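Chemist: Next up is a structure, given as structure tokens.
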Protein chains: 4
Amino acid sequence: MNRKIRMGMVGGSKDAFIGEVHRMAANLDGEIELVCGAFSSSAEKSKKTGEQLYLDQDRVYGSYEEMITAEAALPEDVRMDFVAIVTPNHVHHDPAALALKHGFHVMIDKPLAFTLEEAKDLQQLVEKSGLLFGVTHTYTGYPMVKQARHMISNGDIGKVRKVYVEYPQGWLTFPQEKSGNKQAEWRTDPARSGKSGCMGDIGTHAENMVEFMTGLQITRLCAQLNIVVPGRPIDDDGAVLLEFDNGATGVLTASQIAAGEENDLKIRVYGEKGGIEWSHYDPNTLLLKWQGKPMQTLRTGGDRDLAPVAMKNLRLPAGHPEGYLEAFANLYKNFAHQIKARMTDTAPDPDLLDVPTVTDGVRGMNFIEKVVESSEKGAVWVNFD
Amino acid sequence: MNRKIRMGMVGGSKDAFIGEVHRMAANLDGEIELVCGAFSSSAEKSKKTGEQLYLDQDRVYGSYEEMITAEAALPEDVRMDFVAIVTPNHVHHDPAALALKHGFHVMIDKPLAFTLEEAKDLQQLVEKSGLLFGVTHTYTGYPMVKQARHMISNGDIGKVRKVYVEYPQGWLTFPQEKSGNKQAEWRTDPARSGKSGCMGDIGTHAENMVEFMTGLQITRLCAQLNIVVPGRPIDDDGAVLLEFDNGATGVLTASQIAAGEENDLKIRVYGEKGGIEWSHYDPNTLLLKWQGKPMQTLRTGGDRDLAPVAMKNLRLPAGHPEGYLEAFANLYKNFAHQIKARMTDTAPDPDLLDVPTVTDGVRGMNFIEKVVESSEKGAVWVNFD
Amino acid sequence: MNRKIRMGMVGGSKDAFIGEVHRMAANLDGEIELVCGAFSSSAEKSKKTGEQLYLDQDRVYGSYEEMITAEAALPEDVRMDFVAIVTPNHVHHDPAALALKHGFHVMIDKPLAFTLEEAKDLQQLVEKSGLLFGVTHTYTGYPMVKQARHMISNGDIGKVRKVYVEYPQGWLTFPQEKSGNKQAEWRTDPARSGKSGCMGDIGTHAENMVEFMTGLQITRLCAQLNIVVPGRPIDDDGAVLLEFDNGATGVLTASQIAAGEENDLKIRVYGEKGGIEWSHYDPNTLLLKWQGKPMQTLRTGGDRDLAPVAMKNLRLPAGHPEGYLEAFANLYKNFAHQIKARMTDTAPDPDLLDVPTVTDGVRGMNFIEKVVESSEKGAVWVNFD
Amino acid sequence: MNRKIRMGMVGGSKDAFIGEVHRMAANLDGEIELVCGAFSSSAEKSKKTGEQLYLDQDRVYGSYEEMITAEAALPEDVRMDFVAIVTPNHVHHDPAALALKHGFHVMIDKPLAFTLEEAKDLQQLVEKSGLLFGVTHTYTGYPMVKQARHMISNGDIGKVRKVYVEYPQGWLTFPQEKSGNKQAEWRTDPARSGKSGCMGDIGTHAENMVEFMTGLQITRLCAQLNIVVPGRPIDDDGAVLLEFDNGATGVLTASQIAAGEENDLKIRVYGEKGGIEWSHYDPNTLLLKWQGKPMQTLRTGGDRDLAPVAMKNLRLPAGHPEGYLEAFANLYKNFAHQIKARMTDTAPDPDLLDVPTVTDGVRGMNFIEKVVESSEKGAVWVNFD
């Protein structure tokens with residue numbers, strides 16, 4: 001089998017932001033080929049997008065149901081290998097479930113679903129089907145996040161004691177949802193976003209980052225969610241105190257009303273021996289802090305002594321910045337690698353297996369559930385599970 | 001009256017850290033003269049320090065009681081004008097009270113006292129005496145902190161919505177108190193520090209910074225204090241959720257076990273229109289963040305358009321960094337200015353009046369009281385007053 | 001015509017660095033399709049690379065001559081539209097000339113050629129043929145470089161007075177060329193690199209950046225080139241004093257022996273009213289410096305007020321870093337756009353026309369010529385033209 | 001002898017910038033006492049300044065001649081120990097010479113004199129008298145500059161190969177000398193500044209920094225000086241190519257028309273094994289760069305493993321920034337230490353001997369001489385000696 005992996009897409013018409021991001025990420029390494037799509041609930045819009053993407057018009061569909069059933073009926077050497085689902089949250093579960101039922105692997109945007117129940121249903125379907133299922137918690141794709149994870153797991157900073165993770169954004173400082181910003185509209189609409197706004201959108205990234213990087217699991221939390229901009233029906237800011245299964249504690253903050261902030265997910269982990277800091281502002285850098293000794297700056301780039309899991313997710317030598325799309329592309333590249341390994345019945349590279357799974361997605365949905373519960377009860381402590 | 005203001009000192013023998021800092025701060029601008037001291041509970045040590053400081057040996061005393069009574073008996077044109085108290089927390093109240101009772105102004109290190117009760121007693125004594133009383137929350141002395149306070153008060157970023165303040169240190173990552181570090185010893189000893197370690201030492205700086213810069217007052221809080229290093233009798237880490245009197249919320253973190261961190265007090269304040277960020281790492285810079293518009297970097301230095309309250313607390317042109325001692329010196333310089341204004345019966349410059357007062361000190365002690373109460377009850381919400 | 005633009009490649013076997021970079025850049029936006037290649041002077045190696053790239057084996061060629069003639073013989077709706085040449089410098093001219101003679105547009109790595117004479121020959125061929133010809137001075141592809149160019153051209157900082165451009169690298173600190181590093185081997189070999197090493201490789205990037213960003217042209221220069229690592233036959237370090245056609249002066253430094261440096265091309269331009277700074281370390285940021293007023297930080301991201309030429313070369317919202325591959329992809333995307341405009345006989349978008357041309361390439365070769373001449377004469381001043 | 005060292009001052013009336021800086025620096029550590037001064041060529045202004053400084057009016061003099069002769073006539077246990085000369089350059093030599101002739105040590109602002117001849121004359125007087133003579137090249141007072149010097153001297157980065165030093169300022173971007181800025185007036189006036197403006201004022205700091213930190217000596221140079229602002233009679237910008245006595249090369253740039261720049265002296269030194277970077281913007285940090293290994297960040301603060309020469313010039317623990325005044329104070333403190341060692345006939349601490357000397361001052365004046373000569377001849381190479 002010497003061919004590209006074939007992708008179909010649900011959602012992602014040309015005027016949506018995230019669909020184009022998924023496509024660029026899938027394109028980058030030349031390992032994946034977009035072969036079909038149901039890009040919009042409007043058949044016309046879908047057709048238009050397909051044309052702009054130079055797709056065979058026969059394989060541009062008017063709905064995801066149509067796409068999944070039609071593709072399933074195509075010969076094996078033609079039909080798509082997996083589906084990428086890039087719709088708003090309330091249209092996650094159904095296409096994902098249908099794809100799984102028809103035997104397609106699934107890559108899906110985060111958060112996993114609209115409700116925790118939907119998420120758990122998908123988890124069962126994945127387990128039953130044995131298919132591959134990835135969730136695009138993009139930040140896990142950064143080589144330096146993988147490096148940090150590796151070092152913490154390796155005990156380099158000792159037992160983890162304290163974690164700070166923050167995700168400040170400012171884009172909802174003003175009521176953007178009332179001035180025609182499509183993404184602001186659905187993100188602040190509980191009927192499309194789910195029961196949390198800020199925490200659902202970016203708090204889940206922060207939660208996933210903490211657990212991914214540290215290997216710890218949240219056991220209890222105390223959350224203060226806020227609606228800061230008057231009239232907004234859903235949280236646009238929040239802070240969460242965390243407890244972890246090894247006894248460490250943490251603080252997670254996320255905000256969409258931090259005026260002037262862009263998208264600076266940042267995590268700091270302190271252990272018995274040292275600290276690690278990673279920031280999305282400068283993602284090719286990892287700071288290693290040692291009490292009483294000079295801080296070290298690890299940088300991406302081939303000639304540095306990084307772990308294989310970081311090196312295999314790098315494309316460029318030192319001093320050539322890789323960014324968000326490369327991190328995103330790592331998810332797709334590794335997912336494609338896993339699919340290909342299945343197809344060829346070979347063992348996948350263990351360094352390419354860390355694409356976030358349906359289980360991570362369920363933890364994210366549970367996080368939403370619990371922070372809302374805690375906050376509604378007056379910012380009290382609740383158990384994570 | 002054309003003379004320097006005369007200072008006596010309680011505590012601060014040559015081998016203590018903070019006493020020397022106070023002296024350098026008082027020296028810098030040539031407006032204050034150290035004339036006497038009771039530098040140690042050991043008369044011999046006090047004598048030695050006095051000699052090293054080139055003091056007249058007649059005015060080096062064996063105890064603060066001796067100093068205060070002896071100085072009070074000296075002629076007015078000889079005796080000290082104010083007392084600087086730089087002892088550990090459990091020796092704050094008594095010398096301060098005695099000084100006030102003998103008519104001396106007082107400058108005292110933070111936190112104000114050993115207990116809230118002591119603090120309130122000092123507050124009453126200050127009110128009754130009408131004397132000047134300063135608390136060295138040093139960070140308020142930075143020009144850019146004053147600039148931020150001025151801008152927020154002026155409405156430049158609109159109504160404040162969210163505050164993050166953090167104070168990470170790593171110096172107690174290891175059990176320093178067991179290896180002969182004097183400062184670690186008393187800071188982690190409840191008999192000398194008071195009921196909180198980390199929160200008492202640096203949490204109070206963070207609390208003071210928030211209220212100083214924003215002009216808001218904390219109304220409720222929920223605190224999770226931790227003893228991270230086994231065997232330590234007192235908190236070395238903590239996080240606090242905050243509510244303010246204008247409805248804004250905040251997060252305050254302080255840690256002494258954040259391995260590799262130095263002393264990076266940092267505050268970010270977000271309002272309806274913009275955000276302000278100040279960090280002790282780069283204290284001559286103030287970041288102004290505007291949603292959808294370029295960030296502006298304000299810098300100390302004479303030719304920039306800063307507020308008078310910032311300009312009057314600067315000594316150097318742009319690009320000549322001023323640091324911790326200059327900030328500390330601002331407290332002393334302004335305190336001396338206030339004393340001189342009294343002596344000469346002139347109006348003090350309103351831009352030099354913002355030295356933290358006994359009232360700020362009482363709020364700091366109340367903060368300690370409340371975070372400990374909250375934490376002991378299981379990190380529940382408690383009212384600040 | 002609704003199809004992708006078709007690319008053939010000369011050079012770039014899987015084990016070479018820069019070929020893969022070109023392919024990823026061409027892949028990213030889904031506008032270009034690799035259809036054929038002569039990836040190596042070894043036919044076997046070429047075949048292997050073609051297979052790894054999932055190419056039709058019929059269109060994997062054993063030499064560029066074979067490829068160009070064979071493709072030219074294919075029907076118009078099948079054959080490649082342009083050739084990407086990614087070989088070492090001494091194999092630039094001949095394939096480029098052949099491609100032009102057969103009517104193919106050309107995208108070529110920098111520096112343009114092995115000698116100035118070759119470069120001028122290519123310039124004539126381009127002019128005669130009327131074909132499109134791009135040179136991958138990648139750094140011009142960064143949105144913030146385009147923004148700076150736009151602002152300077154617009155007079156925002158006033159008449160340019162002073163330029164500093166620097167390009168420090170450390171990768172040749174040790175004699176890498178003697179320990180099996182293929183790239184170090186040819187880069188330090190005058191028979192493959194040309195008459196300059198450091199200045200030819202990265203000095204030309206710096207020279208191109210200066211002229212691209214400021215719109216000025218170098219008129220005179222004084223260059224001190226050095227061979228720092230003993231035994232190396234070619235410069236690995238140098239500094240150049242510059243004079244420009246508007247009377248401004250500048251300093252250009254480039255080094256491959258700046259131990260510990262990565263690849264931090266940085267340029268600072270000062271005008272009568274303000275200064276502009278861009279650094280490859282943080283390429284999504286542009287610093288605007290104003291004498292006596294706060295510095296402004298411009299950032300990539302859709303909601304900021306950037307010039308159209310910057311906005312059209314961006315893919316992501318604020319805070320989502322784009323890097324080297326995205327800058328490289330901008331060159332390919334814009335080149336493809338220009339090709340498509342020709343094919344469809346439509347006017348190209350004027351904001352997508354700034355891909356470096358053969359003329360820029362000739363100036364780069366002239367720069368090499370002149371710095372070597374100046375240095376050999378004892379670092380004296382020589383005219384640029 | 002247990003007393004402070006006694007200082008007299010020439011120049012430095014309250015409205016001048018640098019005199020106050022010298023006084024704060026001398027005050028900081030409580031080791032020096034200002035006892036007399038001739039603060040201005042106007043006796044009235046001098047008197048006024050003396051009053052503001054709380055000096056005994058008998059020791060405020062109308063001219064430096066008066067001061068030096070009168071003080072020399074006072075009893076040894078009263079008269080000043082040294083003179084600080086803080087006047088513009090054209091009033092450096094005469095008071096310094098007179099002080100030396102009367103047996104007073106001298107601390108003088110840079111550059112050493114108005115002409116090279118004057119400088120050499122002072123050098124002879126110093127040698128003949130055997131007195132102490134310090135030149136306030138302030139930047140050498142920074143602990144991290146001393147640390148870098150120590151490490152380079154120790155061979156930590158191997159033999160030095162390349163040096164970049166830059167000193168960008170923007171304060172003369174506009175013709176400030178025509179709008180009442182006193183300092184701009186004399187700095188741009190050859191009758192008071194000497195034959196160079198920018199290079200004399202800040203180029204000499206850069207030159208001194210290079211030689212101080214690396215231990216190398218400049219042997220040849222090629223300088224391009226510019227008058228950028230029309231009508232200015234003296235250089236306000238320049239660049240210099242350097243050769244050193246060990247074969248290394250360097251680039252020195254200095255500008256006063258780099259709009260928006262403050263005062264960011266920055267030096268980068270690359271050796272066979274690693275690189276060192278120090279910037280005045282963040283003076284408590286020293287970057288150690290290692291090819292292929294993580295960069296290390298050295299920071300001031302007591303618990304880090306710094307050289308004694310750095311530790312002894314520090315006052316505060318990690319994370320408490322020290323700035324320009326502390327660096328300046330190190331010069332005074334160490335100078336006072338040397339004076340006291342002489343007085344008490346004890347050996348001075350070898351770590352406190354690195355205050356720049358008259359020899360350094362002569363090299364600075366020679367630098368001015370040579371860059372002007374080179375530039376006037378058309379930016380040609382000239383020997384340093």
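FYI, nothing fancy with the structure tokens labels: chains A, B, ... in order, residues from 1 per chain, ligands from 1 as they appear.
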Report as a ChimeraX atom specification: the residues of stretch 92-318 of chain A with a DSSP assignment of strand (DSSP E), based on the backbone of this structure.
Modeler: /A:105-108,133-135,160-168,218-226,237-244,249-255,266-271,274-279,285-290,293-299
Chemist: Which neighbours of C:Gln147 fall inside 12 Å, counting only C-alpha atoms, when residues of the same chain fewer than 5 positions from it are skipped, and could you give them as an MDAnalysis selection string?
Modeler: chainID C and resid 140:142 152:154 156 212:214 276:278 283:288 298:300 304:314 351
Chemist: Any chance you could export the current selection's N, CA and C atoms as a short mmCIF file (atom, residue, chain, number, x, y, z; two decimals), in the first residue's frame?
Modeler:
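Saved result, part05.cif, follows:
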```cif
data_model
loop_
_atom_site.label_atom_id
_atom_site.label_comp_id
_atom_site.auth_asym_id
_atom_site.auth_seq_id
_atom_site.Cartn_x
_atom_site.Cartn_y
_atom_site.Cartn_z
N THR C 140 11.03 37.26 3.21
CA THR C 140 10.10 38.24 2.66
C THR C 140 8.67 37.73 2.71
N GLY C 141 8.49 36.47 2.96
CA GLY C 141 7.15 35.89 3.01
C GLY C 141 6.42 36.13 4.32
N TYR C 142 7.14 36.59 5.33
CA TYR C 142 6.49 36.83 6.62
C TYR C 142 5.56 38.04 6.56
N ILE C 152 6.98 51.55 5.91
CA ILE C 152 8.13 52.38 5.54
C ILE C 152 7.85 53.08 4.22
N SER C 153 7.33 52.31 3.28
CA SER C 153 7.00 52.87 1.98
C SER C 153 5.96 53.98 2.12
N ASN C 154 5.12 53.81 3.11
CA ASN C 154 4.04 54.78 3.35
C ASN C 154 4.53 56.01 4.09
N ASP C 156 5.56 56.11 7.27
CA ASP C 156 5.16 56.13 8.68
C ASP C 156 6.30 56.47 9.63
N PHE C 212 14.37 44.81 0.54
CA PHE C 212 12.94 44.53 0.45
C PHE C 212 12.18 45.40 1.43
N MET C 213 12.64 45.45 2.67
CA MET C 213 11.86 46.15 3.68
C MET C 213 11.92 47.67 3.54
N THR C 214 13.11 48.17 3.21
CA THR C 214 13.24 49.63 3.17
C THR C 214 12.93 50.23 1.81
N ILE C 276 11.49 50.77 13.39
CA ILE C 276 10.77 49.51 13.19
C ILE C 276 11.75 48.37 13.46
N GLU C 277 11.29 47.38 14.18
CA GLU C 277 12.15 46.23 14.46
C GLU C 277 11.40 44.93 14.20
N TRP C 278 12.06 44.04 13.48
CA TRP C 278 11.50 42.71 13.25
C TRP C 278 12.60 41.68 13.47
N PRO C 283 8.50 36.09 14.84
CA PRO C 283 8.22 36.69 13.54
C PRO C 283 6.82 37.27 13.41
N ASN C 284 5.95 36.95 14.35
CA ASN C 284 4.59 37.47 14.27
C ASN C 284 4.43 38.82 14.95
N THR C 285 5.54 39.39 15.35
CA THR C 285 5.54 40.65 16.08
C THR C 285 6.33 41.70 15.29
N LEU C 286 5.82 42.91 15.30
CA LEU C 286 6.56 44.03 14.72
C LEU C 286 6.57 45.14 15.76
N LEU C 287 7.77 45.61 16.11
CA LEU C 287 7.87 46.66 17.11
C LEU C 287 7.96 48.02 16.41
N LEU C 288 7.12 48.92 16.86
CA LEU C 288 7.15 50.28 16.33
C LEU C 288 7.61 51.19 17.45
N LEU C 298 2.86 45.56 17.15
CA LEU C 298 1.90 45.03 16.17
C LEU C 298 2.03 43.53 16.13
N ARG C 299 0.89 42.85 16.02
CA ARG C 299 0.90 41.40 16.02
C ARG C 299 0.05 40.88 14.88
N THR C 300 0.45 39.76 14.34
CA THR C 300 -0.38 39.14 13.32
C THR C 300 -1.71 38.70 13.95
N ARG C 304 -6.51 42.76 13.98
CA ARG C 304 -5.69 43.95 14.13
C ARG C 304 -5.69 44.74 12.83
N ASP C 305 -5.30 45.96 12.93
CA ASP C 305 -5.40 46.86 11.79
C ASP C 305 -4.13 46.82 10.93
N LEU C 306 -3.92 45.70 10.29
CA LEU C 306 -2.74 45.56 9.44
C LEU C 306 -3.07 45.92 8.00
N ALA C 307 -2.02 46.16 7.23
CA ALA C 307 -2.19 46.47 5.81
C ALA C 307 -2.70 45.22 5.08
N PRO C 308 -3.45 45.42 3.99
CA PRO C 308 -3.96 44.26 3.22
C PRO C 308 -2.83 43.31 2.81
N VAL C 309 -1.68 43.84 2.45
CA VAL C 309 -0.59 42.97 2.01
C VAL C 309 -0.14 42.03 3.12
N ALA C 310 -0.31 42.44 4.37
CA ALA C 310 0.00 41.55 5.49
C ALA C 310 -1.17 40.60 5.74
N MET C 311 -2.37 41.14 5.74
CA MET C 311 -3.55 40.33 6.03
C MET C 311 -3.71 39.18 5.04
N LYS C 312 -3.39 39.43 3.79
CA LYS C 312 -3.59 38.40 2.76
C LYS C 312 -2.51 37.32 2.81
N ASN C 313 -1.53 37.53 3.66
CA ASN C 313 -0.49 36.52 3.82
C ASN C 313 -0.54 35.87 5.20
N LEU C 314 -1.70 35.98 5.80
CA LEU C 314 -1.96 35.39 7.11
C LEU C 314 -3.00 34.30 6.99
N ASP C 351 -1.47 42.78 -4.11
CA ASP C 351 -0.86 42.45 -2.82
C ASP C 351 -0.15 41.10 -2.84
#
```
Chemist: Record the distance separating atom CA of B:Asp385 and atom CA of A:Gly250, expressed in Å with one decimal.
Modeler: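 We find that atom CA of B:Asp385 and atom CA of A:Gly250 lie 27.0 Å from each other.
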Chemist: Find the residues around B:Pro175 up to 12 Å (only C-alpha atoms counted), leave out those fewer than 2 positions away in its own chain, and share them as a compact mmCIF listing (two decimals) with N, CA and C atoms, in the first residue's frame.
Modeler:
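Below you can see around_39.txt, which holds the result:
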```
# COMPACT_ATOMS: atom_id res chain seq x y z
N GLU A 272 9.57 18.55 42.78
CA GLU A 272 10.48 18.58 43.94
C GLU A 272 11.87 19.10 43.58
N GLY B 170 10.85 30.29 44.77
CA GLY B 170 11.28 28.90 44.90
C GLY B 170 12.20 28.64 46.08
N TRP B 171 12.47 29.65 46.86
CA TRP B 171 13.55 29.52 47.85
C TRP B 171 13.28 28.53 48.96
N LEU B 172 12.00 28.13 49.14
CA LEU B 172 11.72 27.11 50.16
C LEU B 172 11.37 25.76 49.53
N THR B 173 11.81 25.57 48.29
CA THR B 173 11.63 24.28 47.61
C THR B 173 12.22 23.14 48.43
N GLU B 177 15.07 25.67 56.10
CA GLU B 177 15.04 26.01 57.53
C GLU B 177 15.80 25.01 58.37
N LYS B 178 16.12 23.87 57.77
CA LYS B 178 16.86 22.85 58.51
C LYS B 178 18.36 22.87 58.19
N SER B 179 18.75 23.78 57.34
CA SER B 179 20.18 23.81 56.99
C SER B 179 20.82 25.15 57.31
N GLY B 180 20.28 25.81 58.33
CA GLY B 180 20.98 26.98 58.85
C GLY B 180 20.64 28.30 58.20
N ASN B 181 19.62 28.33 57.33
CA ASN B 181 19.21 29.59 56.73
C ASN B 181 18.34 30.33 57.75
N ALA B 184 14.93 31.56 56.62
CA ALA B 184 14.01 30.43 56.46
C ALA B 184 13.53 29.94 57.83
N GLU B 185 14.42 29.99 58.80
CA GLU B 185 14.04 29.52 60.13
C GLU B 185 12.87 30.31 60.72
N ARG B 187 10.89 32.50 59.21
CA ARG B 187 9.73 32.60 58.32
C ARG B 187 8.84 31.36 58.40
N THR B 188 9.44 30.21 58.71
CA THR B 188 8.64 28.98 58.78
C THR B 188 8.29 28.60 60.22
N ILE B 227 0.78 22.99 52.77
CA ILE B 227 2.13 22.70 53.27
C ILE B 227 2.69 21.66 52.31
N VAL B 228 3.60 22.09 51.47
CA VAL B 228 4.08 21.21 50.42
C VAL B 228 5.31 20.42 50.88
N VAL B 229 6.22 21.10 51.53
CA VAL B 229 7.42 20.41 51.98
C VAL B 229 7.10 19.70 53.30
N PRO B 230 7.26 18.40 53.32
CA PRO B 230 6.85 17.63 54.49
C PRO B 230 7.55 18.12 55.76
N GLY B 231 6.79 18.19 56.84
CA GLY B 231 7.37 18.55 58.13
C GLY B 231 7.36 20.03 58.43
N ARG B 232 7.03 20.82 57.43
CA ARG B 232 6.99 22.27 57.66
C ARG B 232 5.71 22.58 58.43
N PRO B 233 5.77 23.40 59.48
CA PRO B 233 4.58 23.62 60.30
C PRO B 233 3.62 24.68 59.76
N ASP B 236 3.43 26.91 52.79
CA ASP B 236 4.50 27.38 51.91
C ASP B 236 3.98 27.60 50.49
N GLN B 256 6.20 29.51 47.72
CA GLN B 256 7.63 29.53 48.04
C GLN B 256 8.29 28.23 47.60
N ILE B 257 7.51 27.37 46.96
CA ILE B 257 8.05 26.09 46.51
C ILE B 257 7.99 25.97 44.99
```
Chemist: Can you check which parts of chain D lie within 8 Å of chain B? Per residue, the shortest pair of atoms and distance in Å to one decimal, counting only C-alpha atoms, sorted by chain and number, as CSV.
Modeler:
```
residue,atom,partner,partner_atom,distance
D:Asn2,CA,B:Tyr54,CA,6.5
D:Arg3,CA,B:Tyr54,CA,5.7
D:Lys4,CA,B:Tyr54,CA,7.0
D:Met24,CA,B:Leu28,CA,5.3
D:Ala25,CA,B:Leu28,CA,7.4
D:Asn27,CA,B:Leu28,CA,5.4
D:Leu28,CA,B:Leu28,CA,4.7
D:Asp29,CA,B:Met24,CA,5.9
D:Gly30,CA,B:Asn27,CA,6.7
D:Glu51,CA,B:Asn2,CA,7.6
D:Gln52,CA,B:Asn2,CA,7.9
D:Leu53,CA,B:Gly30,CA,7.4
D:Tyr54,CA,B:Arg3,CA,5.7
D:Glu262,CA,B:Gly319,CA,4.7
D:Asn263,CA,B:Gly319,CA,4.6
D:Asp264,CA,B:Gly319,CA,6.5
D:His280,CA,B:His320,CA,7.9
D:Tyr281,CA,B:Gly319,CA,6.9
D:Asp282,CA,B:Asp282,CA,7.6
D:Ala318,CA,B:Glu262,CA,5.6
D:Gly319,CA,B:Asn263,CA,4.6
D:His320,CA,B:Tyr324,CA,5.7
D:Pro321,CA,B:Gly323,CA,4.8
D:Glu322,CA,B:Gly323,CA,4.8
D:Gly323,CA,B:Pro321,CA,4.8
D:Tyr324,CA,B:Pro321,CA,5.6
D:Leu325,CA,B:Glu322,CA,7.1
```
Chemist: Using only C-alpha atoms, which protein or nucleic acid residues come within 7 Å of C:Asn226? Drop anything in the same chain fewer than 4 positions from it, and give the result as a list in words.
Modeler: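 After dropping sequence-adjacent residues, the list is Asp235, Asp236, Asp237 and Gly238 of chain C.
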Chemist: Which residue is closest to C:Ala258? Choose from C:Gly103, C:Lys370, C:Thr87, C:Phe174 and count only C-alpha atoms.
Modeler: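 Checking each candidate against C:Ala258, we get C:Phe174 as the closest.
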Chemist: Find the residues near D:Glu65: any atom within 8 Å, counting only C-alpha atoms, skip ones fewer than 2 places away on the same chain, and give them as a list in words.
Modeler: Ser63, Met67, Ile68, Thr69, Pro95 and Leu98 of chain D
Chemist: If you run DSSP on the backbone here, which positions in stretch 8-178 of chain D get alpha helix (DSSP H)? Please write them as an MDAnalysis selection string.
Modeler: chainID D and resid 17:27 43:52 64:73 93:101 116:129 143:153
Chemist: As an NGL selection string, please: the residues near B:Gly8 (cut-off 8 Å, only C-alpha atoms, same-chain neighbours under 5 positions excluded).
Modeler: :B and (34-38 or 80-84)
Chemist: Using only C-alpha atoms, find the one residue out of B:Val355, B:Val251, B:Ala148, B:Met9 that sits nearest to B:Ser46.
Modeler: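 Closest residue, counting only C-alpha atoms: B:Met9.
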Chemist: Quick check, in Å to one decimal: how far apart do atom CA of C:Leu116 and atom CA of C:His93 lie?
Modeler: 10.6 Å
Chemist: Which neighbours of C:Phe335 fall inside 9 Å, counting only C-alpha atoms, when residues of the same chain fewer than 6 positions from it are skipped, and could you give them as a PDB file with N, CA and C atoms, in the first residue's frame?
Modeler:
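Written file, result21.pdb:
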```pdb
ATOM      1  N   MET C 107      10.632  28.495  -9.946  1.00  0.00           N
ATOM      2  CA  MET C 107      10.852  28.938  -8.560  1.00  0.00           C
ATOM      3  C   MET C 107      12.180  28.320  -8.151  1.00  0.00           C
ATOM      4  N   LEU C 132       7.404  33.680 -15.509  1.00  0.00           N
ATOM      5  CA  LEU C 132       7.507  34.029 -14.094  1.00  0.00           C
ATOM      6  C   LEU C 132       8.708  33.337 -13.486  1.00  0.00           C
ATOM      7  N   PHE C 133       9.386  34.037 -12.578  1.00  0.00           N
ATOM      8  CA  PHE C 133      10.604  33.499 -11.996  1.00  0.00           C
ATOM      9  C   PHE C 133      10.695  34.002 -10.557  1.00  0.00           C
ATOM     10  N   GLY C 134      10.644  33.073  -9.618  1.00  0.00           N
ATOM     11  CA  GLY C 134      10.695  33.466  -8.219  1.00  0.00           C
ATOM     12  C   GLY C 134      11.933  32.928  -7.524  1.00  0.00           C
ATOM     13  N   LEU C 352      -0.271  40.360  -3.950  1.00  0.00           N
ATOM     14  CA  LEU C 352       0.357  39.040  -4.006  1.00  0.00           C
ATOM     15  C   LEU C 352       1.499  39.004  -5.029  1.00  0.00           C
ATOM     16  N   LEU C 353       2.029  40.175  -5.328  1.00  0.00           N
ATOM     17  CA  LEU C 353       3.044  40.252  -6.383  1.00  0.00           C
ATOM     18  C   LEU C 353       4.466  40.348  -5.861  1.00  0.00           C
ATOM     19  N   VAL C 355       6.694  38.420  -4.547  1.00  0.00           N
ATOM     20  CA  VAL C 355       7.649  37.310  -4.513  1.00  0.00           C
ATOM     21  C   VAL C 355       8.980  37.794  -5.115  1.00  0.00           C
TER      22      VAL C 355
END
```
Chemist: Work out how far apart atom CA of C:Gly203 and atom CA of D:Leu221 are and give it in Å to one decimal.
Modeler: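 About the pair atom CA of C:Gly203 and atom CA of D:Leu221: they are 21.8 Å apart.
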